[in-house]
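Visitor: Next comes the structure file target-v3.csv, holding CSV, N, CA and C atoms.
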chain,number,residue,atom,x,y,z
A,1,MET,N,126.7,119.0,90.8
A,1,MET,CA,125.9,119.0,92.0
A,1,MET,C,124.5,119.6,91.7
A,2,LYS,N,124.5,120.6,90.8
A,2,LYS,CA,123.2,121.1,90.5
A,2,LYS,C,122.3,120.1,89.8
A,3,SER,N,122.8,119.3,88.9
A,3,SER,CA,122.0,118.3,88.3
A,3,SER,C,121.6,117.2,89.2
A,4,LEU,N,122.4,116.9,90.3
A,4,LEU,CA,122.0,115.9,91.3
A,4,LEU,C,120.8,116.4,92.0
A,5,LEU,N,120.7,117.6,92.4
A,5,LEU,CA,119.6,118.1,93.2
A,5,LEU,C,118.4,118.6,92.4
A,6,LYS,N,118.6,118.8,91.1
A,6,LYS,CA,117.5,119.3,90.2
A,6,LYS,C,116.3,118.3,90.3
A,7,PRO,N,115.1,118.8,90.6
A,7,PRO,CA,113.9,117.9,90.7
A,7,PRO,C,113.5,117.4,89.3
A,8,THR,N,113.3,116.1,89.3
A,8,THR,CA,112.7,115.5,88.1
A,8,THR,C,111.5,114.7,88.6
A,9,LEU,N,110.7,114.3,87.6
A,9,LEU,CA,109.5,113.5,88.0
A,9,LEU,C,109.9,112.1,88.6
A,10,ILE,N,110.9,111.5,88.1
A,10,ILE,CA,111.3,110.2,88.6
A,10,ILE,C,111.9,110.3,90.0
A,11,LYS,N,112.6,111.4,90.3
A,11,LYS,CA,113.1,111.6,91.7
A,11,LYS,C,112.0,111.9,92.7
A,12,ILE,N,111.0,112.6,92.3
A,12,ILE,CA,109.9,112.9,93.2
A,12,ILE,C,109.1,111.7,93.4
A,13,ILE,N,108.8,110.9,92.4
A,13,ILE,CA,108.0,109.7,92.6
A,13,ILE,C,108.8,108.7,93.4
A,14,LEU,N,110.1,108.5,93.1
A,14,LEU,CA,110.9,107.6,93.9
A,14,LEU,C,111.0,108.1,95.4
A,15,THR,N,111.0,109.4,95.6
A,15,THR,CA,111.0,109.9,97.0
A,15,THR,C,109.8,109.4,97.8
A,16,PHE,N,108.6,109.6,97.2
A,16,PHE,CA,107.4,109.2,97.9
A,16,PHE,C,107.3,107.7,98.0
A,17,VAL,N,107.7,106.9,97.0
A,17,VAL,CA,107.7,105.5,97.1
A,17,VAL,C,108.6,105.0,98.2
A,18,LEU,N,109.8,105.6,98.3
A,18,LEU,CA,110.7,105.2,99.4
A,18,LEU,C,110.2,105.5,100.7
A,19,LEU,N,109.6,106.7,100.8
A,19,LEU,CA,109.0,107.2,102.1
A,19,LEU,C,107.9,106.2,102.6
A,20,VAL,N,107.0,105.9,101.7
A,20,VAL,CA,105.9,105.0,102.0
A,20,VAL,C,106.3,103.6,102.3
A,21,LEU,N,107.2,103.1,101.5
A,21,LEU,CA,107.7,101.7,101.7
A,21,LEU,C,108.5,101.6,103.0
A,22,SER,N,109.4,102.5,103.2
A,22,SER,CA,110.2,102.5,104.5
A,22,SER,C,109.3,102.6,105.7
A,23,SER,N,108.3,103.5,105.6
A,23,SER,CA,107.4,103.7,106.7
A,23,SER,C,106.5,102.5,107.0
A,24,TRP,N,106.1,101.8,105.9
A,24,TRP,CA,105.3,100.6,106.1
A,24,TRP,C,106.1,99.5,106.7
A,25,LEU,N,107.4,99.3,106.2
A,25,LEU,CA,108.2,98.2,106.7
A,25,LEU,C,108.6,98.5,108.2
A,26,TRP,N,108.9,99.8,108.5
A,26,TRP,CA,109.2,100.1,109.9
A,26,TRP,C,108.0,99.9,110.8
A,27,GLY,N,106.8,100.3,110.3
A,27,GLY,CA,105.6,100.1,111.1
A,27,GLY,C,105.3,98.7,111.4
A,28,MET,N,105.6,97.8,110.4
A,28,MET,CA,105.4,96.4,110.6
A,28,MET,C,106.3,95.8,111.7
A,29,VAL,N,107.6,96.3,111.6
A,29,VAL,CA,108.6,95.8,112.7
A,29,VAL,C,108.1,96.3,114.0
A,30,VAL,N,107.7,97.5,114.2
A,30,VAL,CA,107.3,98.1,115.5
A,30,VAL,C,106.1,97.4,115.9
A,31,ARG,N,105.1,97.2,115.1
A,31,ARG,CA,103.8,96.5,115.5
A,31,ARG,C,104.1,95.1,115.9
A,32,PHE,N,105.1,94.4,115.3
A,32,PHE,CA,105.4,93.1,115.7
A,32,PHE,C,106.0,93.0,117.1
A,33,VAL,N,106.8,94.0,117.5
A,33,VAL,CA,107.4,94.1,118.8
A,33,VAL,C,106.4,94.7,119.8
A,34,ILE,N,105.8,95.9,119.5
A,34,ILE,CA,104.9,96.6,120.3
A,34,ILE,C,103.6,96.7,119.6
A,35,SER,N,102.6,95.8,120.0
A,35,SER,CA,101.4,95.7,119.2
A,35,SER,C,100.4,96.8,119.2
A,36,ASP,N,100.5,97.7,120.2
A,36,ASP,CA,99.5,98.8,120.3
A,36,ASP,C,100.0,100.2,119.8
A,37,THR,N,101.1,100.2,119.0
A,37,THR,CA,101.5,101.5,118.4
A,37,THR,C,101.5,101.4,116.9
A,38,CYS,N,101.4,102.6,116.3
A,38,CYS,CA,101.3,102.7,114.9
A,38,CYS,C,102.2,103.9,114.4
A,39,PRO,N,103.5,103.7,114.1
A,39,PRO,CA,104.3,104.8,113.7
A,39,PRO,C,104.3,104.9,112.2
A,40,ILE,N,104.4,106.2,111.7
A,40,ILE,CA,104.6,106.4,110.3
A,40,ILE,C,105.8,107.3,110.1
A,41,GLY,N,106.7,106.9,109.3
A,41,GLY,CA,107.9,107.7,109.0
A,41,GLY,C,109.2,106.9,109.3
A,42,PHE,N,110.2,107.0,108.5
A,42,PHE,CA,111.5,106.4,108.7
A,42,PHE,C,112.5,107.1,108.0
A,43,PRO,N,113.6,107.6,108.5
A,43,PRO,CA,114.2,107.2,109.8
A,43,PRO,C,113.6,108.0,111.0
A,44,LEU,N,112.8,109.0,110.8
A,44,LEU,CA,112.2,109.7,111.9
A,44,LEU,C,110.7,109.5,111.8
A,45,GLN,N,110.1,109.1,113.0
A,45,GLN,CA,108.7,108.9,113.0
A,45,GLN,C,107.9,110.2,113.2
A,46,PHE,N,107.4,110.7,112.1
A,46,PHE,CA,106.7,112.0,112.1
A,46,PHE,C,105.2,111.8,112.6
A,47,TYR,N,104.7,110.6,112.6
A,47,TYR,CA,103.3,110.4,113.2
A,47,TYR,C,103.4,109.1,114.0
A,48,LEU,N,102.8,109.2,115.2
A,48,LEU,CA,102.8,108.1,116.1
A,48,LEU,C,101.4,108.0,116.8
A,49,SER,N,100.7,106.9,116.7
A,49,SER,CA,99.5,106.7,117.5
A,49,SER,C,99.6,105.5,118.3
A,50,TRP,N,98.9,105.5,119.4
A,50,TRP,CA,98.9,104.3,120.3
A,50,TRP,C,97.6,104.1,120.9
A,51,GLY,N,97.4,103.0,121.5
A,51,GLY,CA,96.1,102.7,122.1
A,51,GLY,C,96.2,101.6,123.1
A,52,PRO,N,95.2,101.3,123.8
A,52,PRO,CA,93.8,101.8,123.7
A,52,PRO,C,93.8,103.2,124.3
A,53,CYS,N,93.0,104.0,123.8
A,53,CYS,CA,92.9,105.4,124.2
A,53,CYS,C,91.6,105.7,124.9
A,54,PRO,N,91.7,106.3,126.1
A,54,PRO,CA,90.5,106.6,126.9
A,54,PRO,C,89.7,107.7,126.2
A,55,PRO,N,88.4,107.7,126.3
A,55,PRO,CA,87.5,108.7,125.7
A,55,PRO,C,87.9,110.1,126.1
A,56,GLY,N,87.9,111.0,125.1
A,56,GLY,CA,88.2,112.4,125.4
A,56,GLY,C,89.7,112.8,125.4
A,57,THR,N,90.6,111.8,125.1
A,57,THR,CA,92.0,112.1,125.1
A,57,THR,C,92.6,111.9,123.7
A,58,SER,N,93.7,112.4,123.5
A,58,SER,CA,94.4,112.3,122.2
A,58,SER,C,95.5,111.3,122.4
A,59,CYS,N,95.5,110.2,121.6
A,59,CYS,CA,96.5,109.2,121.6
A,59,CYS,C,97.3,109.1,120.4
A,60,SER,N,97.7,110.3,119.9
A,60,SER,CA,98.6,110.4,118.7
A,60,SER,C,99.3,111.7,118.7
A,61,GLU,N,100.4,111.7,118.0
A,61,GLU,CA,101.2,113.0,117.9
A,61,GLU,C,101.8,113.0,116.5
A,62,PHE,N,102.0,114.3,116.1
A,62,PHE,CA,102.5,114.5,114.7
A,62,PHE,C,103.6,115.6,114.8
A,63,ASN,N,104.7,115.4,114.1
A,63,ASN,CA,105.8,116.4,114.1
A,63,ASN,C,106.1,116.8,112.6
A,64,GLY,N,105.7,118.0,112.2
A,64,GLY,CA,105.9,118.4,110.9
A,64,GLY,C,107.3,118.6,110.5
A,65,LEU,N,108.2,119.0,111.4
A,65,LEU,CA,109.6,119.1,111.1
A,65,LEU,C,110.2,117.8,110.7
A,66,TRP,N,109.8,116.7,111.4
A,66,TRP,CA,110.4,115.4,111.1
A,66,TRP,C,109.9,114.9,109.8
A,67,LEU,N,108.7,115.3,109.4
A,67,LEU,CA,108.1,114.9,108.1
A,67,LEU,C,109.0,115.6,107.0
A,68,VAL,N,109.3,116.9,107.2
A,68,VAL,CA,110.1,117.6,106.2
A,68,VAL,C,111.5,117.0,106.1
A,69,VAL,N,112.1,116.7,107.3
A,69,VAL,CA,113.4,116.0,107.3
A,69,VAL,C,113.4,114.7,106.6
A,70,ASP,N,112.4,113.9,106.8
A,70,ASP,CA,112.2,112.6,106.2
A,70,ASP,C,112.1,112.8,104.6
A,71,LEU,N,111.3,113.8,104.2
A,71,LEU,CA,111.2,114.0,102.8
A,71,LEU,C,112.5,114.4,102.1
A,72,ILE,N,113.3,115.3,102.8
A,72,ILE,CA,114.6,115.7,102.3
A,72,ILE,C,115.5,114.5,102.3
A,73,PHE,N,115.5,113.7,103.3
A,73,PHE,CA,116.4,112.5,103.4
A,73,PHE,C,116.1,111.6,102.2
A,74,TRP,N,114.8,111.3,102.0
A,74,TRP,CA,114.5,110.3,100.9
A,74,TRP,C,114.7,111.0,99.5
A,75,TYR,N,114.5,112.3,99.4
A,75,TYR,CA,114.8,113.0,98.1
A,75,TYR,C,116.3,112.8,97.8
A,76,LEU,N,117.2,113.0,98.8
A,76,LEU,CA,118.6,112.9,98.5
A,76,LEU,C,119.0,111.4,98.2
A,77,VAL,N,118.3,110.5,98.8
A,77,VAL,CA,118.6,109.1,98.5
A,77,VAL,C,118.1,108.8,97.1
A,78,SER,N,116.9,109.3,96.7
A,78,SER,CA,116.4,109.0,95.3
A,78,SER,C,117.3,109.7,94.3
A,79,ALA,N,117.8,110.9,94.6
A,79,ALA,CA,118.7,111.6,93.7
A,79,ALA,C,120.0,110.8,93.5
A,80,LEU,N,120.5,110.3,94.6
A,80,LEU,CA,121.8,109.5,94.4
A,80,LEU,C,121.5,108.2,93.7
A,81,LEU,N,120.4,107.6,93.9
A,81,LEU,CA,120.0,106.3,93.2
A,81,LEU,C,119.8,106.6,91.7
A,82,THR,N,119.1,107.6,91.4
A,82,THR,CA,118.9,107.9,89.9
A,82,THR,C,120.3,108.3,89.2
A,83,GLN,N,121.1,109.0,89.9
A,83,GLN,CA,122.4,109.3,89.3
A,83,GLN,C,123.3,108.0,89.2
A,84,TRP,N,123.2,107.2,90.1
A,84,TRP,CA,124.0,105.9,90.1
A,84,TRP,C,123.4,105.0,88.9
A,85,PHE,N,122.1,104.9,88.8
A,85,PHE,CA,121.6,104.1,87.7
A,85,PHE,C,121.9,104.8,86.3
A,86,GLN,N,121.9,106.1,86.2
A,86,GLN,CA,122.3,106.7,85.0
A,86,GLN,C,123.7,106.5,84.6
A,87,LYS,N,124.6,106.5,85.6
A,87,LYS,CA,126.0,106.2,85.3
A,87,LYS,C,126.2,104.8,85.0
A,88,LEU,N,125.5,103.9,85.6
A,88,LEU,CA,125.6,102.5,85.3
A,88,LEU,C,125.1,102.2,83.9
A,89,SER,N,124.0,102.8,83.5
A,89,SER,CA,123.5,102.5,82.2
A,89,SER,C,124.4,103.2,81.1
A,90,ARG,N,125.0,104.3,81.4
A,90,ARG,CA,125.9,104.9,80.4
A,90,ARG,C,127.2,104.1,80.3
A,91,SER,N,127.7,103.5,81.4
A,91,SER,CA,128.9,102.7,81.3
A,91,SER,C,128.6,101.4,80.5
A,92,ARG,N,127.4,100.8,80.7
A,92,ARG,CA,127.1,99.6,79.9
A,92,ARG,C,126.9,99.9,78.4
A,93,VAL,N,126.3,101.0,78.1
A,93,VAL,CA,126.1,101.4,76.7
A,93,VAL,C,127.5,101.7,76.1
A,94,GLY,N,128.3,102.5,76.8
A,94,GLY,CA,129.7,102.8,76.3
A,94,GLY,C,130.5,101.6,76.2
A,95,GLY,N,130.4,100.6,77.1
A,95,GLY,CA,131.2,99.4,77.1
A,95,GLY,C,130.8,98.6,75.9
A,96,LYS,N,129.6,98.5,75.5
A,96,LYS,CA,129.1,97.7,74.3
A,96,LYS,C,129.6,98.3,73.1
A,97,ASN,N,129.6,99.7,73.0
A,97,ASN,CA,130.1,100.3,71.8
A,97,ASN,C,131.6,100.1,71.6
A,98,LYS,N,132.4,100.1,72.6
A,98,LYS,CA,133.8,99.9,72.5
A,98,LYS,C,134.2,98.5,72.1
A,99,MET,N,133.4,97.5,72.4
A,99,MET,CA,133.7,96.2,72.1
A,99,MET,C,133.3,95.9,70.6
A,100,GLU,N,132.4,96.6,70.0
A,100,GLU,CA,132.0,96.3,68.7
A,100,GLU,C,133.0,96.8,67.6
Now that the file is in, can you turn its structure into structure tokens?
Guide:
Amino acid sequence: MKSLLKPTLIKIILTFVLLVLSSWLWGMVVRFVISDTCPIGFPLQFYLSWGPCPPGTSCSEFNGLWLVVDLIFWYLVSALLTQWFQKLSRSRVGGKNKME
């Protein structure tokens, strides 16, 4: 369990790639359905802006807690993915050695 949660460069990079990619894809879906909103974040939208906005008002909101939860969620997903790929590569290498 410790090795699963231990931070590595690949886990951190994969976390941010997954966060940005999922936010971008979710934002495209939402903008296709509701054209005047712009969400960032998936599964939780930590930033949302909408328009048209009257002068002098704020037409956006940010939730820092949801950003932290999103980062934790994508870190766990990236940790599980890297562990799965490591096990898959080990089994393939081990399987080739057994056959030789």
Visitor: Mind the document's chain letters and residue numbers, and return as a ChimeraX atom specification the residues of chain A that DSSP labels alpha helix (DSSP H).
Guide: /A:2-5,9-33,64-99
Visitor: Compile the contact shell of segment 63-76 of chain A as a list in words: residues with an atom at most 6.5 Å away, counting all atoms listed in the file, same-chain residues fewer than 2 positions apart removed.
Guide: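 That gives Lys11, Leu14, Thr15, Leu18, Leu19, Phe42, Pro43, Leu44, Gln45, Phe46, Tyr47, Glu61, Ser78, Ala79, Leu80 and Leu81 of chain A.
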Visitor: Residues as selected, N, CA and C atoms, written as a PDB file, in the frame of the given file, can you do that?
Guide:
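As written to disk, out.pdb reads:
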ATOM      1  N   LYS A  11     112.600 111.400  90.300  1.00  0.00           N
ATOM      2  CA  LYS A  11     113.100 111.600  91.700  1.00  0.00           C
ATOM      3  C   LYS A  11     112.000 111.900  92.700  1.00  0.00           C
ATOM      4  N   LEU A  14     110.100 108.500  93.100  1.00  0.00           N
ATOM      5  CA  LEU A  14     110.900 107.600  93.900  1.00  0.00           C
ATOM      6  C   LEU A  14     111.000 108.100  95.400  1.00  0.00           C
ATOM      7  N   THR A  15     111.000 109.400  95.600  1.00  0.00           N
ATOM      8  CA  THR A  15     111.000 109.900  97.000  1.00  0.00           C
ATOM      9  C   THR A  15     109.800 109.400  97.800  1.00  0.00           C
ATOM     10  N   LEU A  18     109.800 105.600  98.300  1.00  0.00           N
ATOM     11  CA  LEU A  18     110.700 105.200  99.400  1.00  0.00           C
ATOM     12  C   LEU A  18     110.200 105.500 100.700  1.00  0.00           C
ATOM     13  N   LEU A  19     109.600 106.700 100.800  1.00  0.00           N
ATOM     14  CA  LEU A  19     109.000 107.200 102.100  1.00  0.00           C
ATOM     15  C   LEU A  19     107.900 106.200 102.600  1.00  0.00           C
ATOM     16  N   PHE A  42     110.200 107.000 108.500  1.00  0.00           N
ATOM     17  CA  PHE A  42     111.500 106.400 108.700  1.00  0.00           C
ATOM     18  C   PHE A  42     112.500 107.100 108.000  1.00  0.00           C
ATOM     19  N   PRO A  43     113.600 107.600 108.500  1.00  0.00           N
ATOM     20  CA  PRO A  43     114.200 107.200 109.800  1.00  0.00           C
ATOM     21  C   PRO A  43     113.600 108.000 111.000  1.00  0.00           C
ATOM     22  N   LEU A  44     112.800 109.000 110.800  1.00  0.00           N
ATOM     23  CA  LEU A  44     112.200 109.700 111.900  1.00  0.00           C
ATOM     24  C   LEU A  44     110.700 109.500 111.800  1.00  0.00           C
ATOM     25  N   GLN A  45     110.100 109.100 113.000  1.00  0.00           N
ATOM     26  CA  GLN A  45     108.700 108.900 113.000  1.00  0.00           C
ATOM     27  C   GLN A  45     107.900 110.200 113.200  1.00  0.00           C
ATOM     28  N   PHE A  46     107.400 110.700 112.100  1.00  0.00           N
ATOM     29  CA  PHE A  46     106.700 112.000 112.100  1.00  0.00           C
ATOM     30  C   PHE A  46     105.200 111.800 112.600  1.00  0.00           C
ATOM     31  N   TYR A  47     104.700 110.600 112.600  1.00  0.00           N
ATOM     32  CA  TYR A  47     103.300 110.400 113.200  1.00  0.00           C
ATOM     33  C   TYR A  47     103.400 109.100 114.000  1.00  0.00           C
ATOM     34  N   GLU A  61     100.400 111.700 118.000  1.00  0.00           N
ATOM     35  CA  GLU A  61     101.200 113.000 117.900  1.00  0.00           C
ATOM     36  C   GLU A  61     101.800 113.000 116.500  1.00  0.00           C
ATOM     37  N   SER A  78     116.900 109.300  96.700  1.00  0.00           N
ATOM     38  CA  SER A  78     116.400 109.000  95.300  1.00  0.00           C
ATOM     39  C   SER A  78     117.300 109.700  94.300  1.00  0.00           C
ATOM     40  N   ALA A  79     117.800 110.900  94.600  1.00  0.00           N
ATOM     41  CA  ALA A  79     118.700 111.600  93.700  1.00  0.00           C
ATOM     42  C   ALA A  79     120.000 110.800  93.500  1.00  0.00           C
ATOM     43  N   LEU A  80     120.500 110.300  94.600  1.00  0.00           N
ATOM     44  CA  LEU A  80     121.800 109.500  94.400  1.00  0.00           C
ATOM     45  C   LEU A  80     121.500 108.200  93.700  1.00  0.00           C
ATOM     46  N   LEU A  81     120.400 107.600  93.900  1.00  0.00           N
ATOM     47  CA  LEU A  81     120.000 106.300  93.200  1.00  0.00           C
ATOM     48  C   LEU A  81     119.800 106.600  91.700  1.00  0.00           C
TER      49      LEU A  81
END
Visitor: Which value, in Å to one decimal, gives the distance between atom N of Gly51 of chain A and atom N of Thr37 of chain A?
Guide: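 These two atoms are separated by 5.3 Å.
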Visitor: Tell me which of A:Leu25, A:Leu88, A:Leu9, A:Cys38 sits closest to Cys59 of chain A, counting only C-alpha atoms.
Guide: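 Under the stated criterion, the closest residue is A:Cys38.
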Visitor: Would you compute the distance between atom CA of Ser35 of chain A and atom CA of Leu48 of chain A? Give it in Å to one decimal.
Guide: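 Those two atoms sit 12.9 Å apart.
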Visitor: Between atom C of Gly41 of chain A and atom N of Ile12 of chain A, what is the spacing in Å?
Guide: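 Value for the atom N of Ile12 of chain A-atom C of Gly41 of chain A distance: 18.0 Å.
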Visitor: Taking the backbone alone, and naming residues the way the document does, which bits of chain A are strand (DSSP E) by DSSP, as a PDB file with N, CA and C atoms, keeping the file's coordinate frame?
Guide:
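Wrote it out as states-v6.pdb, contents follow:
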ATOM      1  N   THR A  37     101.100 100.200 119.000  1.00  0.00           N
ATOM      2  CA  THR A  37     101.500 101.500 118.400  1.00  0.00           C
ATOM      3  C   THR A  37     101.500 101.400 116.900  1.00  0.00           C
ATOM      4  N   CYS A  38     101.400 102.600 116.300  1.00  0.00           N
ATOM      5  CA  CYS A  38     101.300 102.700 114.900  1.00  0.00           C
ATOM      6  C   CYS A  38     102.200 103.900 114.400  1.00  0.00           C
ATOM      7  N   PRO A  39     103.500 103.700 114.100  1.00  0.00           N
ATOM      8  CA  PRO A  39     104.300 104.800 113.700  1.00  0.00           C
ATOM      9  C   PRO A  39     104.300 104.900 112.200  1.00  0.00           C
ATOM     10  N   ILE A  40     104.400 106.200 111.700  1.00  0.00           N
ATOM     11  CA  ILE A  40     104.600 106.400 110.300  1.00  0.00           C
ATOM     12  C   ILE A  40     105.800 107.300 110.100  1.00  0.00           C
ATOM     13  N   TYR A  47     104.700 110.600 112.600  1.00  0.00           N
ATOM     14  CA  TYR A  47     103.300 110.400 113.200  1.00  0.00           C
ATOM     15  C   TYR A  47     103.400 109.100 114.000  1.00  0.00           C
ATOM     16  N   LEU A  48     102.800 109.200 115.200  1.00  0.00           N
ATOM     17  CA  LEU A  48     102.800 108.100 116.100  1.00  0.00           C
ATOM     18  C   LEU A  48     101.400 108.000 116.800  1.00  0.00           C
ATOM     19  N   SER A  49     100.700 106.900 116.700  1.00  0.00           N
ATOM     20  CA  SER A  49      99.500 106.700 117.500  1.00  0.00           C
ATOM     21  C   SER A  49      99.600 105.500 118.300  1.00  0.00           C
ATOM     22  N   TRP A  50      98.900 105.500 119.400  1.00  0.00           N
ATOM     23  CA  TRP A  50      98.900 104.300 120.300  1.00  0.00           C
ATOM     24  C   TRP A  50      97.600 104.100 120.900  1.00  0.00           C
ATOM     25  N   SER A  60      97.700 110.300 119.900  1.00  0.00           N
ATOM     26  CA  SER A  60      98.600 110.400 118.700  1.00  0.00           C
ATOM     27  C   SER A  60      99.300 111.700 118.700  1.00  0.00           C
ATOM     28  N   GLU A  61     100.400 111.700 118.000  1.00  0.00           N
ATOM     29  CA  GLU A  61     101.200 113.000 117.900  1.00  0.00           C
ATOM     30  C   GLU A  61     101.800 113.000 116.500  1.00  0.00           C
ATOM     31  N   PHE A  62     102.000 114.300 116.100  1.00  0.00           N
ATOM     32  CA  PHE A  62     102.500 114.500 114.700  1.00  0.00           C
ATOM     33  C   PHE A  62     103.600 115.600 114.800  1.00  0.00           C
TER      34      PHE A  62
END
